[in-house]
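A.B. asks: Below is the file work.cif, with mmCIF, C-alpha atoms and all ligand atoms.
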```cif
data_run
loop_
_atom_site.label_atom_id
_atom_site.label_comp_id
_atom_site.auth_asym_id
_atom_site.auth_seq_id
_atom_site.Cartn_x
_atom_site.Cartn_y
_atom_site.Cartn_z
CA GLY I 1 164.02 177.58 120.84
CA LEU I 2 163.64 175.29 123.80
CA SER I 3 164.09 176.62 127.31
CA ILE I 4 164.56 174.46 130.38
CA GLY I 5 164.35 175.75 133.95
CA ILE I 6 166.55 174.06 136.56
CA VAL I 7 165.06 173.59 140.03
CA GLY I 8 165.97 171.49 143.07
CA LEU I 9 166.74 171.70 146.77
CA PRO I 10 170.05 173.23 147.92
CA ASN I 11 173.13 170.97 147.82
CA VAL I 12 171.83 168.58 145.19
CA GLY I 13 174.29 169.66 142.49
CA LYS I 14 172.41 172.41 140.62
CA SER I 15 175.31 174.87 140.59
CA THR I 16 177.74 172.17 139.53
CA LEU I 17 175.47 171.30 136.61
CA PHE I 18 174.83 174.95 135.77
CA ASN I 19 178.59 175.64 135.78
CA ALA I 20 179.06 172.84 133.26
CA LEU I 21 176.31 174.34 131.09
CA THR I 22 177.86 177.80 131.33
CA LYS I 23 181.25 176.39 130.32
CA ALA I 24 179.57 174.73 127.34
CA GLN I 25 178.04 178.09 126.44
CA ASN I 26 181.29 180.01 126.75
CA ALA I 27 183.17 177.47 124.65
CA GLU I 28 180.76 178.22 121.79
CA SER I 29 179.72 181.81 122.46
CA ALA I 30 181.77 183.26 119.59
CA ASN I 31 179.49 181.39 117.18
CA TYR I 32 176.32 182.77 118.74
CA PRO I 33 176.81 186.55 118.83
CA PHE I 34 173.02 187.04 118.75
CA CYS I 35 172.56 185.29 122.11
CA THR I 36 172.59 187.69 125.01
CA ILE I 37 174.64 186.47 127.93
CA GLU I 38 172.80 186.58 131.23
CA PRO I 39 174.07 185.38 134.59
CA ASN I 40 171.27 182.89 135.21
CA LYS I 41 171.01 181.62 131.64
CA ALA I 42 173.22 179.25 129.64
CA VAL I 43 172.64 178.95 125.89
CA VAL I 44 173.93 175.52 124.89
CA PRO I 45 174.25 174.09 121.36
CA VAL I 46 172.24 170.98 120.59
CA PRO I 47 174.57 168.20 119.45
CA ASP I 48 173.49 166.80 116.08
CA PRO I 49 175.77 164.60 113.97
CA ARG I 50 173.54 165.24 110.92
CA LEU I 51 174.51 168.90 111.03
CA ASP I 52 178.18 167.96 111.02
CA LYS I 53 177.60 165.66 108.04
CA LEU I 54 175.79 168.40 106.10
CA SER I 55 178.57 170.87 106.73
CA GLU I 56 181.11 168.34 105.41
CA LEU I 57 179.11 168.29 102.17
CA VAL I 58 178.38 172.02 101.86
CA HIS I 59 181.54 173.57 103.39
CA PRO I 60 179.72 176.64 104.69
CA GLN I 61 181.36 179.68 106.28
CA ARG I 62 179.71 178.80 109.55
CA VAL I 63 177.72 176.03 111.18
CA LEU I 64 175.05 176.89 113.70
CA HIS I 65 173.51 174.28 115.94
CA ALA I 66 170.09 174.77 117.43
CA THR I 67 170.37 175.97 121.01
CA VAL I 68 168.67 175.25 124.30
CA ASP I 69 168.35 177.92 126.99
CA PHE I 70 168.95 176.60 130.49
CA ILE I 71 167.67 178.91 133.21
CA ASP I 72 168.96 178.59 136.74
CA ILE I 73 165.92 179.11 138.92
CA ALA I 74 167.25 179.95 142.36
CA GLY I 75 165.24 180.47 145.50
CA LEU I 76 163.39 177.21 146.00
CA VAL I 77 163.71 175.91 149.53
CA LYS I 78 161.25 174.40 151.93
CA GLY I 79 158.69 177.05 152.92
CA ALA I 80 159.74 179.39 150.11
CA SER I 81 156.19 180.05 148.99
CA ARG I 82 155.01 180.93 152.52
CA GLY I 83 155.71 184.22 154.27
CA GLU I 84 157.29 186.54 151.73
CA GLY I 85 156.19 184.23 148.95
CA LEU I 86 158.29 183.39 145.95
CA GLY I 87 159.66 186.53 144.35
CA ASN I 88 158.42 187.95 141.08
CA LYS I 89 161.78 187.29 139.52
CA PHE I 90 161.50 183.63 140.42
CA LEU I 91 158.04 183.40 138.89
CA ALA I 92 159.05 185.28 135.75
CA ASN I 93 162.06 182.99 135.28
CA ILE I 94 160.14 179.81 135.70
CA ARG I 95 157.21 180.89 133.52
CA GLU I 96 159.63 181.42 130.67
CA ALA I 97 160.62 177.76 130.74
CA ASP I 98 159.02 175.16 128.46
CA ALA I 99 160.05 172.33 130.75
CA ILE I 100 161.43 171.85 134.24
CA LEU I 101 164.61 169.96 134.97
CA HIS I 102 164.27 168.89 138.59
CA VAL I 103 167.71 168.00 139.95
CA VAL I 104 167.53 165.34 142.65
CA ARG I 105 170.34 164.24 144.91
CA CYS I 106 170.95 160.52 144.41
CA PHE I 107 174.49 160.35 145.79
CA GLU I 108 175.68 159.77 149.33
CA ASN I 109 178.54 161.84 150.61
CA ASP I 110 179.03 162.68 154.26
CA ASP I 111 181.01 165.78 153.29
CA VAL I 112 178.03 167.27 151.49
CA VAL I 113 175.38 168.16 154.02
CA HIS I 114 171.84 167.35 153.07
CA VAL I 115 169.37 170.06 154.06
CA ASP I 116 167.12 167.47 155.68
CA GLY I 117 169.84 165.27 157.17
CA SER I 118 169.61 162.23 154.89
CA VAL I 119 169.43 161.33 151.22
CA ASP I 120 165.81 160.66 150.30
CA PRO I 121 164.98 161.64 146.73
CA ILE I 122 161.21 161.17 146.94
CA ARG I 123 160.92 163.31 150.05
CA ASP I 124 163.05 165.96 148.30
CA ILE I 125 160.91 165.86 145.18
CA GLU I 126 157.74 166.20 147.23
CA VAL I 127 159.12 169.23 149.09
CA ILE I 128 159.87 171.07 145.86
CA GLU I 129 156.65 170.01 144.17
CA ALA I 130 154.59 171.20 147.14
CA GLU I 131 156.30 174.61 146.86
CA LEU I 132 155.49 174.77 143.17
CA VAL I 133 151.86 173.85 143.85
CA MET I 134 151.73 176.68 146.42
CA ALA I 135 153.20 179.14 143.94
CA ASP I 136 150.55 178.16 141.38
CA THR I 137 147.84 178.38 144.01
CA GLN I 138 148.86 182.00 144.65
CA THR I 139 148.67 182.74 140.94
CA LEU I 140 145.22 181.13 140.72
CA GLU I 141 143.85 182.93 143.78
CA ASN I 142 144.95 186.31 142.45
CA ARG I 143 143.40 185.55 139.11
CA LEU I 144 140.16 184.33 140.65
CA ASP I 145 139.83 187.53 142.71
CA ARG I 146 140.37 189.64 139.65
CA MET I 147 137.93 187.68 137.50
CA ARG I 148 135.21 187.77 140.17
CA LYS I 149 135.41 191.57 140.16
CA GLN I 150 135.16 191.66 136.37
CA LEU I 151 132.30 189.17 136.31
CA LYS I 152 129.57 191.83 136.71
CA GLY I 153 130.46 193.47 133.44
CA ASP I 154 131.37 190.32 131.55
CA LYS I 155 129.18 187.27 132.10
CA LYS I 156 131.25 185.28 129.63
CA LEU I 157 133.92 185.03 132.32
CA GLN I 158 131.77 182.67 134.38
CA ALA I 159 133.16 179.53 132.70
CA LYS I 160 136.71 180.65 133.44
CA VAL I 161 135.82 181.49 137.03
CA ASP I 162 134.36 178.01 137.45
CA CYS I 163 137.46 176.41 135.97
CA CYS I 164 139.74 178.47 138.18
CA ALA I 165 137.81 177.47 141.30
CA ALA I 166 137.79 173.78 140.34
CA LEU I 167 141.51 173.89 139.63
CA LEU I 168 142.16 175.49 143.04
CA GLU I 169 140.13 172.74 144.65
CA HIS I 170 142.17 170.11 142.80
CA MET I 171 145.45 171.71 143.86
CA SER I 172 144.41 172.14 147.48
CA ALA I 173 145.25 168.43 147.87
CA ILE I 174 148.86 169.24 146.77
CA ARG I 175 148.28 167.91 143.28
CA PRO I 176 149.89 169.44 140.20
CA ALA I 177 147.85 171.31 137.59
CA SER I 178 149.00 168.76 135.02
CA SER I 179 146.77 166.10 136.59
CA PHE I 180 143.65 168.32 136.66
CA PRO I 181 140.90 166.26 135.03
CA GLY I 182 138.56 169.18 134.28
CA ARG I 183 140.58 170.92 131.61
CA ASP I 184 138.72 169.52 128.64
CA ASN I 185 136.70 172.60 127.75
CA ASP I 186 137.54 175.76 125.85
CA ALA I 187 137.36 178.13 128.83
CA CYS I 188 139.68 175.96 130.88
CA ARG I 189 142.14 175.40 128.08
CA GLU I 190 142.27 179.15 127.46
CA LEU I 191 142.72 179.98 131.14
CA MET I 192 145.53 177.47 131.53
CA ARG I 193 147.24 178.72 128.42
CA GLU I 194 147.13 182.27 129.79
CA LEU I 195 148.37 181.32 133.24
CA GLN I 196 151.36 179.16 132.22
CA LEU I 197 151.20 177.35 135.54
CA ILE I 198 154.47 175.90 136.76
CA THR I 199 152.99 172.53 137.69
CA ASP I 200 151.44 172.23 134.24
CA LYS I 201 154.87 172.06 132.58
CA ASN I 202 156.66 168.89 131.59
CA ILE I 203 159.14 167.65 134.16
CA ILE I 204 162.37 165.78 133.67
CA TYR I 205 163.86 164.39 136.85
CA CYS I 206 167.62 164.65 136.80
CA CYS I 207 169.24 162.16 139.17
CA ASN I 208 172.65 163.38 140.22
CA VAL I 209 174.73 160.31 141.07
CA ASP I 210 178.33 159.41 141.84
CA ASP I 211 180.41 157.57 139.23
CA ASP I 212 179.59 154.15 140.66
CA ALA I 213 175.88 154.51 139.87
CA LEU I 214 176.27 155.92 136.35
CA VAL I 215 175.99 152.50 134.70
CA ASP I 216 173.79 150.52 137.13
CA ASP I 217 171.09 152.46 138.97
CA ASN I 218 171.44 152.78 142.72
CA GLU I 219 168.39 152.42 144.98
CA PHE I 220 167.77 156.19 144.93
CA VAL I 221 167.56 156.29 141.15
CA THR I 222 165.28 153.26 141.13
CA ARG I 223 162.89 155.09 143.42
CA VAL I 224 162.91 158.22 141.28
CA ARG I 225 162.15 156.16 138.17
CA GLU I 226 159.17 154.55 139.91
CA TYR I 227 157.92 157.95 141.05
CA ALA I 228 158.34 159.52 137.60
CA ALA I 229 156.55 156.62 135.90
CA GLN I 230 153.34 157.49 137.77
CA SER I 231 153.07 160.79 135.90
CA GLY I 232 154.82 159.65 132.73
CA SER I 233 157.70 162.09 133.37
CA GLY I 234 161.20 161.64 132.00
CA VAL I 235 164.27 160.67 134.03
CA VAL I 236 167.92 161.27 133.22
CA LYS I 237 170.92 160.21 135.25
CA ILE I 238 174.03 162.34 135.34
CA ASN I 239 177.13 162.94 137.39
CA ALA I 240 177.28 166.72 137.64
CA ARG I 241 180.95 166.79 138.63
CA MET I 242 181.93 164.68 135.65
CA GLU I 243 180.02 167.04 133.33
CA GLU I 244 182.12 169.94 134.55
CA GLU I 245 185.29 168.05 133.71
CA LEU I 246 184.02 166.98 130.29
CA VAL I 247 183.30 170.41 128.85
CA GLY I 248 186.14 171.62 126.66
CA MET I 249 187.74 168.21 126.06
CA GLU I 250 188.66 167.39 122.48
CA ASP I 251 187.06 164.53 120.56
CA GLU I 252 189.33 161.62 121.44
CA GLU I 253 189.94 162.63 125.05
CA TYR I 254 186.21 163.19 125.39
CA ARG I 255 185.35 159.73 124.09
CA GLU I 256 187.95 158.05 126.26
CA PHE I 257 186.74 159.93 129.31
CA LEU I 258 183.13 158.80 128.76
CA GLU I 259 184.31 155.26 128.10
CA SER I 260 186.22 155.21 131.36
CA TYR I 261 182.89 155.84 133.11
CA GLY I 262 181.19 153.15 131.03
CA VAL I 263 178.79 155.54 129.27
CA SER I 264 178.43 156.52 125.61
CA GLU I 265 176.87 159.94 125.98
CA SER I 266 177.48 162.94 128.23
CA GLY I 267 174.83 163.98 130.74
CA LEU I 268 174.36 167.33 129.00
CA ASP I 269 173.63 165.59 125.70
CA LEU I 270 171.25 163.23 127.47
CA ILE I 271 169.38 166.12 129.09
CA ILE I 272 168.99 167.94 125.78
CA ARG I 273 167.88 164.79 123.96
CA SER I 274 165.30 164.01 126.60
CA GLY I 275 164.08 167.64 126.55
CA TYR I 276 163.43 167.30 122.80
CA ALA I 277 161.66 163.98 123.28
CA THR I 278 159.55 165.19 126.21
CA LEU I 279 158.34 168.23 124.33
CA GLY I 280 157.96 166.53 120.93
CA LEU I 281 160.58 168.71 119.27
CA ILE I 282 162.40 167.97 116.02
CA SER I 283 164.94 169.78 113.85
CA TYR I 284 165.07 170.82 110.24
CA PHE I 285 168.08 172.28 108.42
CA THR I 286 168.93 175.13 106.11
CA ALA I 287 172.06 174.50 104.06
CA GLY I 288 173.74 177.29 102.13
CA VAL I 289 177.36 178.20 101.47
CA LYS I 290 177.15 181.00 104.01
CA GLU I 291 175.59 178.97 106.75
CA VAL I 292 174.43 175.48 107.58
CA ARG I 293 172.01 175.65 110.44
CA ALA I 294 169.59 173.59 112.52
CA TRP I 295 166.21 174.95 113.60
CA THR I 296 163.90 173.61 116.28
CA ILE I 297 160.20 173.03 115.62
CA HIS I 298 157.39 170.91 117.02
CA GLU I 299 156.50 167.57 115.50
CA GLY I 300 153.53 168.19 113.22
CA ASP I 301 154.44 171.80 112.36
CA THR I 302 153.65 172.82 108.80
CA ALA I 303 156.13 174.45 106.44
CA PRO I 304 154.95 178.06 107.10
CA LYS I 305 155.19 177.51 110.85
CA ALA I 306 158.70 176.12 110.44
CA ALA I 307 159.64 179.12 108.29
CA GLY I 308 158.37 181.40 111.04
CA VAL I 309 161.08 180.14 113.37
CA ILE I 310 163.62 181.83 111.10
CA HIS I 311 161.61 185.04 110.73
CA THR I 312 157.96 185.98 111.16
CA ASP I 313 158.05 187.50 107.63
CA PHE I 314 158.87 184.05 106.26
CA GLU I 315 155.70 182.68 107.77
CA ARG I 316 153.46 185.60 106.78
CA GLY I 317 154.70 185.73 103.19
CA PHE I 318 155.19 181.98 102.73
CA ILE I 319 154.77 180.85 99.10
CA ARG I 320 156.34 177.40 98.97
CA ALA I 321 159.30 175.38 100.18
CA GLU I 322 161.89 173.28 98.43
CA VAL I 323 162.51 170.21 100.52
CA ILE I 324 165.14 167.48 100.45
CA GLY I 325 164.97 164.62 102.94
CA TYR I 326 168.15 164.32 104.99
CA ASP I 327 169.01 160.84 103.67
CA ASP I 328 168.43 161.95 100.07
CA TYR I 329 170.70 164.94 100.59
CA VAL I 330 173.50 162.79 101.99
CA ALA I 331 173.06 160.10 99.32
CA ASN I 332 173.35 162.66 96.49
CA GLY I 333 175.82 165.04 98.09
CA THR I 334 174.63 168.38 96.68
CA GLU I 335 171.42 170.29 96.15
CA ALA I 336 172.02 170.29 92.40
CA ALA I 337 172.41 166.50 92.35
CA CYS I 338 169.19 166.17 94.35
CA ARG I 339 167.39 168.39 91.86
CA ALA I 340 168.71 166.35 88.93
CA LYS I 341 167.68 163.09 90.61
CA GLY I 342 164.19 164.44 91.25
CA VAL I 343 164.41 164.09 95.05
CA LEU I 344 164.04 167.81 95.64
CA ARG I 345 160.34 168.32 96.26
CA VAL I 346 158.31 171.50 96.06
CA GLU I 347 155.86 171.66 98.95
CA GLY I 348 153.05 174.05 99.87
CA LYS I 349 151.39 175.49 102.97
CA GLU I 350 149.99 172.16 104.17
CA TYR I 351 153.29 170.28 104.16
CA VAL I 352 154.18 168.78 107.54
CA VAL I 353 157.92 169.08 108.06
CA HIS I 354 159.89 165.91 108.85
CA ASP I 355 162.77 165.62 111.26
CA GLY I 356 165.97 166.27 109.28
CA ASP I 357 164.38 167.92 106.22
CA VAL I 358 166.70 170.30 104.41
CA MET I 359 164.50 173.27 103.55
CA HIS I 360 164.62 176.32 101.35
CA PHE I 361 161.74 178.79 101.65
CA LEU I 362 160.28 181.08 99.00
CA PHE I 363 158.26 183.97 100.33
CA ASN I 364 156.79 187.40 99.55
CA VAL I 365 158.01 190.37 101.51
P1 LIG W 1 173.38 173.23 144.71
O1 LIG W 1 173.24 173.83 146.06
O2 LIG W 1 172.21 172.37 144.34
O3 LIG W 1 173.73 174.21 143.66
O4 LIG W 1 174.59 172.17 144.83
P2 LIG W 1 176.10 172.30 144.38
O5 LIG W 1 176.25 172.16 142.92
O6 LIG W 1 176.72 173.49 145.01
O7 LIG W 1 176.68 170.97 145.04
C1 LIG W 1 176.74 170.82 146.43
C2 LIG W 1 177.98 170.01 146.77
O8 LIG W 1 177.80 168.68 146.27
C3 LIG W 1 179.24 170.54 146.13
O9 LIG W 1 180.27 170.41 147.10
C4 LIG W 1 179.47 169.62 144.97
O10 LIG W 1 180.83 169.49 144.66
C5 LIG W 1 178.91 168.32 145.47
N1 LIG W 1 178.43 167.47 144.38
C6 LIG W 1 177.71 167.85 143.29
N2 LIG W 1 177.47 166.78 142.51
C7 LIG W 1 178.03 165.71 143.11
C8 LIG W 1 178.09 164.32 142.78
O11 LIG W 1 177.59 163.87 141.76
N3 LIG W 1 178.74 163.54 143.68
C9 LIG W 1 179.31 164.02 144.82
N4 LIG W 1 179.93 163.19 145.65
N5 LIG W 1 179.27 165.32 145.13
C10 LIG W 1 178.63 166.15 144.31
#
```
Show me this structure written as structure tokens.
Ligand code: GDP

C.D. replies:
Amino acid sequence: GLSIGIVGLPNVGKSTLFNALTKAQNAESANYPFCTIEPNKAVVPVPDPRLDKLSELVHPQRVLHATVDFIDIAGLVKGASRGEGLGNKFLANIREADAILHVVRCFENDDVVHVDGSVDPIRDIEVIEAELVMADTQTLENRLDRMRKQLKGDKKLQAKVDCCAALLEHMSAIRPASSFPGRDNDACRELMRELQLITDKNIIYCCNVDDDALVDDNEFVTRVREYAAQSGSGVVKINARMEEELVGMEDEEYREFLESYGVSESGLDLIIRSGYATLGLISYFTAGVKEVRAWTIHEGDTAPKAAGVIHTDFERGFIRAEVIGYDDYVANGTEAACRAKGVLRVEGKEYVVHDGDVMHFLFNV
């Protein structure tokens, strides 16, 4: 599934947001016994009204939403990558993430001290991003040293060495790996895939605002949006304190609460939705009497690849898939009705799965 690492300066609202995510996890944890609970990770169900509709039709024993792992990545402050350097645990945590949620303080409150004395989201973003560039630079320097030693015995490494050096040069001007123009060759692509550089990941800027700025942007949010637009990064706006209050509310109370703030969607839902969009993720469903379940795949994935998300055996032994489009399923109500109507399709290895497809896989063991 999708994993999102949360970074940001101290006192911007990371813990408040992470507490809300952990509450959302705990509220649902009974349904996800296979998810290990870790202190710095929150496994949160992906809201999907289509899944609810399917379970109304199928009446399964259980309904399982897709999940997103949120990882609290502590330890980023100004100067963190100098001196002792960023710890191995930090690097391991952040490498695991598919995308970075960068929480930015966009609220004023004299009671909450800002580490640099004033609220200035762009300065804050630049501080964190410079630290991440430094962390990647360390990674690249270590790798370059190692490759140079191996070069004598393996001349094929030269192209990777060249790429590594060019990338270091690019980043020495405090630029992220994602904007490196020289990546368009096989050696470079391979190196960057191996290294999983932090500044090569997709970023979503998460503006933490007070209630009054939830509907109309304040000047801080406006600035973050302008900054994010330069790199084509996503922006979401949340009120972390409100998110904490929201978790655990029942349907009607929940809706009324959101309405009272003038919004139609919770910040957690917004973050998850924008994570899917940023990474080009979609969902397909399996629908049986035992379990109705959503699975996360990449746009463009073929049927065997999608099957592999359930189990690697499904991908290896893939024979064919029975597929019903979501709208067809809902229009006809049952799998049998879909079959009778001729809207259940049999698809092979080349089939590209659509968002919302209801799938049944046939495979060899
Ligand atoms: P962290 O250091 O980034 O984890 O920040 P915290 O989550 O601990 O938040 C720092 C302080 O800011 C806490 O006292 C929070 O209650 C407060 N805070 C968090 N979000 C908001 C917000 O949206 N508005 C206001 N006014 N205070 C907030």

A.B. asks: With a cut-off of 10 Å, could you pull out the residues of segment 27-102 of chain I touching segment 251-275 of chain I and give me the nearest pair of atoms for each, distance in Å to one decimal, using all atoms listed in the file, ordered by chain and ascending number, as CSV?

C.D. replies:
```
residue,atom,partner,partner_atom,distance
I:Val44,CA,I:Ile272,CA,9.1
I:Pro45,CA,I:Ile272,CA,9.2
I:Val46,CA,I:Ile272,CA,6.8
I:Pro47,CA,I:Asp269,CA,6.8
I:Asp48,CA,I:Asp269,CA,9.7
I:Thr67,CA,I:Ile272,CA,9.4
I:Val68,CA,I:Ile272,CA,7.5
I:Phe70,CA,I:Ile272,CA,9.9
I:Asp98,CA,I:Gly275,CA,9.3
I:Ala99,CA,I:Gly275,CA,7.5
I:Ile100,CA,I:Gly275,CA,9.2
I:Leu101,CA,I:Ile271,CA,8.5
```

A.B. asks: Taking only C-alpha atoms and all ligand atoms into account, produce a table as JSON lines in which each residue of chain I with an atom at most 9 Å from an atom of ligand LIG 1 (chain W) appears once, together with its shortest atom pair and the distance in Å to one decimal, ordered by chain and rising number.

C.D. replies:
```
{"residue": "I:Val7", "atom": "CA", "partner": "W:LIG1", "partner_atom": "O2", "distance": 8.4}
{"residue": "I:Gly8", "atom": "CA", "partner": "W:LIG1", "partner_atom": "O2", "distance": 6.4}
{"residue": "I:Leu9", "atom": "CA", "partner": "W:LIG1", "partner_atom": "O2", "distance": 6.0}
{"residue": "I:Pro10", "atom": "CA", "partner": "W:LIG1", "partner_atom": "O1", "distance": 3.7}
{"residue": "I:Asn11", "atom": "CA", "partner": "W:LIG1", "partner_atom": "O1", "distance": 3.4}
{"residue": "I:Val12", "atom": "CA", "partner": "W:LIG1", "partner_atom": "O2", "distance": 3.9}
{"residue": "I:Gly13", "atom": "CA", "partner": "W:LIG1", "partner_atom": "O5", "distance": 3.2}
{"residue": "I:Lys14", "atom": "CA", "partner": "W:LIG1", "partner_atom": "O2", "distance": 3.7}
{"residue": "I:Ser15", "atom": "CA", "partner": "W:LIG1", "partner_atom": "O3", "distance": 3.5}
{"residue": "I:Thr16", "atom": "CA", "partner": "W:LIG1", "partner_atom": "O5", "distance": 3.7}
{"residue": "I:Leu17", "atom": "CA", "partner": "W:LIG1", "partner_atom": "O5", "distance": 6.4}
{"residue": "I:Phe18", "atom": "CA", "partner": "W:LIG1", "partner_atom": "O5", "distance": 7.8}
{"residue": "I:Asn19", "atom": "CA", "partner": "W:LIG1", "partner_atom": "O5", "distance": 8.3}
{"residue": "I:Ala74", "atom": "CA", "partner": "W:LIG1", "partner_atom": "O3", "distance": 8.8}
{"residue": "I:Val103", "atom": "CA", "partner": "W:LIG1", "partner_atom": "O2", "distance": 7.7}
{"residue": "I:Val104", "atom": "CA", "partner": "W:LIG1", "partner_atom": "O2", "distance": 8.6}
{"residue": "I:Arg105", "atom": "CA", "partner": "W:LIG1", "partner_atom": "O11", "distance": 7.9}
{"residue": "I:Cys106", "atom": "CA", "partner": "W:LIG1", "partner_atom": "O11", "distance": 7.9}
{"residue": "I:Phe107", "atom": "CA", "partner": "W:LIG1", "partner_atom": "N3", "distance": 5.7}
{"residue": "I:Glu108", "atom": "CA", "partner": "W:LIG1", "partner_atom": "N4", "distance": 6.6}
{"residue": "I:Asn109", "atom": "CA", "partner": "W:LIG1", "partner_atom": "N4", "distance": 5.3}
{"residue": "I:Asp110", "atom": "CA", "partner": "W:LIG1", "partner_atom": "N4", "distance": 8.7}
{"residue": "I:Asp111", "atom": "CA", "partner": "W:LIG1", "partner_atom": "O9", "distance": 7.8}
{"residue": "I:Val112", "atom": "CA", "partner": "W:LIG1", "partner_atom": "O8", "distance": 5.4}
{"residue": "I:Val113", "atom": "CA", "partner": "W:LIG1", "partner_atom": "C2", "distance": 7.9}
{"residue": "I:His114", "atom": "CA", "partner": "W:LIG1", "partner_atom": "C1", "distance": 9.0}
{"residue": "I:Cys207", "atom": "CA", "partner": "W:LIG1", "partner_atom": "O11", "distance": 8.9}
{"residue": "I:Asn208", "atom": "CA", "partner": "W:LIG1", "partner_atom": "O11", "distance": 5.2}
{"residue": "I:Val209", "atom": "CA", "partner": "W:LIG1", "partner_atom": "O11", "distance": 4.6}
{"residue": "I:Asp210", "atom": "CA", "partner": "W:LIG1", "partner_atom": "O11", "distance": 4.5}
{"residue": "I:Asp211", "atom": "CA", "partner": "W:LIG1", "partner_atom": "O11", "distance": 7.4}
{"residue": "I:Ile238", "atom": "CA", "partner": "W:LIG1", "partner_atom": "O11", "distance": 7.5}
{"residue": "I:Asn239", "atom": "CA", "partner": "W:LIG1", "partner_atom": "O11", "distance": 4.5}
{"residue": "I:Ala240", "atom": "CA", "partner": "W:LIG1", "partner_atom": "N2", "distance": 4.9}
{"residue": "I:Arg241", "atom": "CA", "partner": "W:LIG1", "partner_atom": "N2", "distance": 5.2}
{"residue": "I:Met242", "atom": "CA", "partner": "W:LIG1", "partner_atom": "O11", "distance": 7.5}
```

A.B. asks: With only C-alpha atoms as the atoms that count, which of I:Ser3, I:Asn40, I:Asn218, I:Thr22 lies nearest to Lys89 of chain I?

C.D. replies: I:Asn40

A.B. asks: Hey, can you check how far atom CA of Glu219 of chain I sits from atom CA of Gly117 of chain I?

C.D. replies: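 Separation between atom CA of Glu219 of chain I and atom CA of Gly117 of chain I: 17.8 Å.
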
A.B. asks: Point out the residue among I:Ala287, I:Ala135, I:Ile319, I:Ala177 with the least atom-to-atom distance to Leu57 of chain I, counting all atoms listed in the file.

C.D. replies: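 So, comparing all the options, the nearest one is I:Ala287.
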
A.B. asks: Calculated over only C-alpha atoms, which of the candidates I:Gln158, I:Asn202, I:Thr334, I:Thr302 has the smallest distance to Gly280 of chain I?

C.D. replies: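 Of I:Gln158, I:Asn202, I:Thr334, I:Thr302, the one nearest Gly280 of chain I is I:Asn202, counting only C-alpha atoms.
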
A.B. asks: One number please: atom CA of Pro39 of chain I to atom CA of Asp72 of chain I, in Å, one decimal.

C.D. replies: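 Atom-to-atom, atom CA of Pro39 of chain I and atom CA of Asp72 of chain I are spaced 8.8 Å apart.
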
A.B. asks: Given the choices I:Met192, I:Glu129, I:Val323, I:Pro181, which gets closest to Val343 of chain I if the distance is worked out from all atoms listed in the file?

C.D. replies: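 Answer, going by the shortest atom-to-atom distance: I:Val323.
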
A.B. asks: Which of these, I:Val63, I:Pro121, I:Lys341, I:Phe314, has the shortest distance to Glu226 of chain I once you count only C-alpha atoms?

C.D. replies: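 Comparing I:Val63, I:Pro121, I:Lys341, I:Phe314 against Glu226 of chain I, the winner is I:Pro121.
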
A.B. asks: So that I can check the surroundings of segment 293-301 of chain I, please list as a compact mmCIF listing (two decimals) with C-alpha atoms, in the coordinates of the input every protein, DNA and RNA residue that reaches within 7 Å of it, counting only C-alpha atoms and ignoring chain neighbours fewer than 4 positions away.

C.D. replies:
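The resulting file, around39.txt, is reproduced below:
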```txt
# COMPACT_ATOMS: atom_id res chain seq x y z
CA GLY I 1 164.02 177.58 120.84
CA LEU I 51 174.51 168.90 111.03
CA VAL I 63 177.72 176.03 111.18
CA LEU I 64 175.05 176.89 113.70
CA HIS I 65 173.51 174.28 115.94
CA ALA I 66 170.09 174.77 117.43
CA GLY I 280 157.96 166.53 120.93
CA LEU I 281 160.58 168.71 119.27
CA ILE I 282 162.40 167.97 116.02
CA SER I 283 164.94 169.78 113.85
CA TYR I 284 165.07 170.82 110.24
CA PHE I 285 168.08 172.28 108.42
CA THR I 286 168.93 175.13 106.11
CA ALA I 287 172.06 174.50 104.06
CA LYS I 305 155.19 177.51 110.85
CA ALA I 306 158.70 176.12 110.44
CA VAL I 352 154.18 168.78 107.54
CA VAL I 353 157.92 169.08 108.06
```

A.B. asks: Take atom CA of Asn332 of chain I and atom CA of Glu291 of chain I and report the distance between them in Å, one decimal.

C.D. replies: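 Separation between atom CA of Asn332 of chain I and atom CA of Glu291 of chain I: 19.4 Å.
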